[in-house]
Structures are given as C-alpha cells and as structure tokens.
Amino acid sequence: MIILLIISAVMLAPVIMTIAGSLKAPSGYADFFLWQPRYLRALLNSLFIASAGAAGCTVVSAGAAYVFAKVSFPFRGLLFYLYIIVMMMPFQVTMLPQYITARNYRIYDTPFALILPGIFSAFGVFLLTQIVKTVPDDTIEAARLETDSTFLILARVILPQVGAGMICLFALMFTEIWNMTAEPLTLMETKSIMPLAALTAWDKSAAGAASVVIALIPPVLLYSLFGDEIERGIEHYNIKG
Amino acid sequence: MKKRSDILFLLPSLCGFIAFSLVPFAYVIFYAVTESAFSHKFVGTANFAALIDSEFFRLALYNTLRFTALAVPVSMAFALAAALLISSFGKYIPFARTAVFMPVLLPSAVVVSVWLAYFSSAPPFESLLAIFLWKYTGLNVMLILTALCTVPRELYEAAQIDGAGASRRFIYVTLPYISPTLFFVFVLTIVNSLKIFRESSLLYGNYPDESVYMLQNYLNNHFEKLNYQNIGAAAVIFALGIYAVVAAMLVYERKRSAEIW
C-alpha cells in the first residue's frame, strides 16, 4: 500500500513541482496572456493544429480500420504489417525526406505540414483496426440484410461500437500532436505559426514556465473527460489476433 | 457478401500513408545508395562503409544500443512489479492507473524543468534513463494491468488449493496469459526508448555529452548540414534494426496464434 502511494507520488510530483515553480514567478502568466501576444498565438496554433489533426485522423483511420478489419483483399496482411512498421519509426529516421516532401507538396512552413501527417498517422489506423476487429461479423451481416449502403452500416452499426475507441484515438492523437517539438522545428520556419510546445521548449523565462503549465492543461483535461475511453481503447493496443 | 466498393474507404488513408510515410522512406533508401545530392550515381554500399568508418556513427550506435538495452528490461521489470502490485488493490486501480499514465501525456518540458531545478548535476546517461523510466513505465503498467485482468480467477484458486506458492502461481498461471502482451510491451518499450531524444535535446542540446550521443542526435545534426548520404545510410540501418525487432514480434505472434489453434 505504501509502495503504491510512493509510486503515485513519484509519478505526479514533477507536475506539482512544475506548477509550484511557475507560481513563484507569476509575472510569467501576465506575460503569457497579456503582454506577449506570441504566446497566445502559439497556443491558438497548437489548438488548431492538434484538433484538426486528431479529428482528421479519427475519420480517416476509421474508414481504413473498417477495411483492414472486415474486408479481405489481396496483400491485406502485408499492407497492415507495413503500417505497423511505419508506426514504430521515430521521426528522426525520415526527418530529412519529410522536410523535402513538405517543400515539394508546398506545405512547408504551413500548419498543414503538421496536420496532414497527423491525419494519416499509422498509429490511428492500427489502433482502430484492432478495435473494429472486435465487432462481430454477424452484426454486420445482419445489417447488410437491411441496407446496401456500407456508409450507413458504418454509421449506424460499427460507429456506436467503436465510438469509445474513436474518442480514445482523438484524445491520444491530440496529445501527441500537442506535445510535438521536433517536427514543428523541422517543417516550419515562421515563428508566428508555430505550436506552443515547440516555441517554448527552450524558453527559460517566466513566461516559458507559465507556458509549460498551460501546455499541461489540454492533455490532462482530455484525460479527465475521456479517461475511461482512453483506457478501454489502449486495451486494444496489442497484436493479438 | 461484401461490396467491392468497400475498399474505397481505405483510399484516403492509403494515399496519405503513401504520400507522408512511404515516399519519404523511399527517399531515404535512395540517398543511402547514391553518391551525393548532385550526382545520383548508384554506389551501393559505399555510403554504409563510410558510415561504419565514422567514429561518430559508431559512438551513436553504441550509445543507442546501450541505452535501449538498459532501459527496456528495467522498465518492464518495474512495470510488471507495479502492475502486479496495483492489481492486488482492486479499489485503487482507477486512481493508480491515472497517476501512472499521467507522465505519458505530459509535455517533455515538465520533467525537464523539474530535473534541471533539482538534479542538474546528475550524470547524463543515468538522468535520461530515470526520465525515460518515469515517463513510459506507466504506459507499460497500464497494458500489463489490462492483460492481468484477463486471467481467470478460478485458476489462481485452483492453484492455491493444489498448494502452489506465489511464485509458482505466477509462472504457471499468470505468465501464459500475459505473454503476448509482455512481448508487445517489450517491442513497444524498445520503440519508445528511442523517443528519449526529445528530453535529451531539451536537456543537453544538439551536441550532448559523449555518453548520451545517440543515433537520433547523429541524424538530427546531419540534417542541419543537409548531409544526405550519411543521413540516408544511418536511417536505413536504424530502420532495419527496428524492422528486425518488429518482424520478430510479428512472427512470434503468428506462431503463437497458430499453436493455440
């Protein structure tokens, strides 16, 4: 029991210390919100980029997940393996080509340089596929008898069952995009469109301390709102079956 | 009775996947086997040979392997112990899960700022190790906890009646049920151990101490110099390493499922 408390304390301590530390210099908060607009702008950037990326990812991955889980086509296994391998690669492996493709696609130095890769994240497809696999085939067959439109089946039958998983994916992708520091620095130049985490990562000023605390809020908020869904979703983060 | 057109639902993801994941990787391979940014002459393994000659690359490879080899077992051991501990406290599971998962969600700046304030004199390698353990063990705990819940209670009781002590119960009842998850956690932890670069660059900048100069640093620094060949070759080696580990896991999982059936 004591060990449990110690573990919890160790896990939560840095958070509390960071918050306490930032309160020692409250001028940082004033700077953040009032006197230095670049922080607020970065905050809005982060909100926009992370929301768009996470939302797009949920939608795109859901479609792909249905196909991987329920529709057989040639090389399906191979393609899924490919998604898994890509999912496991750290950013540094492809950072240079990503820089080059971003320029070629003309999204370099725009929010889309972060949003689009987020939307097509392999992790999203992987997670939702595992979840859709748990929907019984019979349910889908039964729905087939009612309607011919796959879209309707997706919306009425599959969506309710994997809804929790989609919320989980949204929360996790949002958090991942929200916390990115290396990608924005590689794929963006203009400070005014940079997200908060990248802009303030090396910021040691009082406002920097404040922004670290502010950056905490959305992930924690998402977790407190959707913690159940997140945990249930992560249960499917596995390779069984 | 599936419609042919169903596959259209895969199209958006597939297009994006090709555009943002496969195309960049094709570039990587292209750079790895050509002569320079200008000549595009095929040179096969020359770049790889040059890489192995490079002292920096060898150092980076060594450090990366060393970090992962240390971080993964320790994290898994902690996670397993913590999960077993937490699972015996039914009531507190939700709170413990939240506390333990929180570090995963937090921006790296949080732990970095705390570390700088209190532990800035700690040796770099151990610092990164500690930070990694703090941040990612929670995720492993959650995954293992979930797996632990799938073990049927009756088996434990039956084993106890048969006189099995705690360790025998663990080896013969618990382990078989959580093995697939453990393996997945193993691979996942390896992959996550590579993400420590974020904290490393926040703490030590782009050119850290010798003991923590890792492959990601190598790739990152050469990116600034636009050194295509080095990056390409190093990235290919890096990717092959990851691929080998993931492939091993997938093969193992395949064989295991086959055995069950």
# chains A, B, ... in the order shown; residues from 1 in each chain; ligands from 1
$ interface_residues --of "chain B" --to "chain A" --cutoff "7 Å" --atoms "only C-alpha atoms" --output "PyMOL selection string"
chain B and resi 6-7+9-10+12-13+16-17+20-21+24-25+27-28+96+99-100+103+105-107+109-111+114+134+143+146+181+184+191+194-195+202+216+219-220+223+235+239+243+246
$ residues_around --residues "Gln161 (chain A)" --least-positions-apart "5" --cutoff "10 Å" --atoms "only C-alpha atoms" --output "list in words"
Ile131, Val132, Thr134, Val135, Arg156 and Met166 of chain A
$ residues_around --residues "Gly44 (chain B)" --least-positions-apart "4" --cutoff "9 Å" --atoms "only C-alpha atoms" --output "list in words"
Ala32, Val33, Thr34, Glu35 and Phe48 of chain B
$ atom_distance --atom1 "CA of Gly28 (chain A)" --atom2 "CA of Ala117 (chain B)"
17.3 Å
$ closest_residue --among "B:Leu250, B:Leu65, B:Leu85, B:Leu175" --to "Ser211 (chain B)" --atoms "only C-alpha atoms"
B:Leu65
$ atom_distance --atom1 "CA of Tyr39 (chain A)" --atom2 "CA of Pro184 (chain A)"
15.5 Å
$ residues_around --residues "Asn192 (chain B)" --least-positions-apart "6" --cutoff "12 Å" --atoms "only C-alpha atoms" --output "PyMOL selection string"
(chain A and resi 87-91) or (chain B and resi 67-68+71-72+75+104+132-133+135-137+139-140+185-186+198+242)
$ closest_residue --among "A:Phe80, A:Phe33, A:Phe126, A:Phe112" --to "Phe48 (chain A)" --atoms "only C-alpha atoms"
A:Phe112
$ atom_distance --atom1 "CA of Ala210 (chain A)" --atom2 "CA of Ile49 (chain A)"
20.8 Å
$ select_by_dssp --residues "region 23-149 of chain B" --states "helix (DSSP H, G or I)" --output "ChimeraX atom specification"
/B:23-32,46-53,55-87,90-105,108-119,124-149
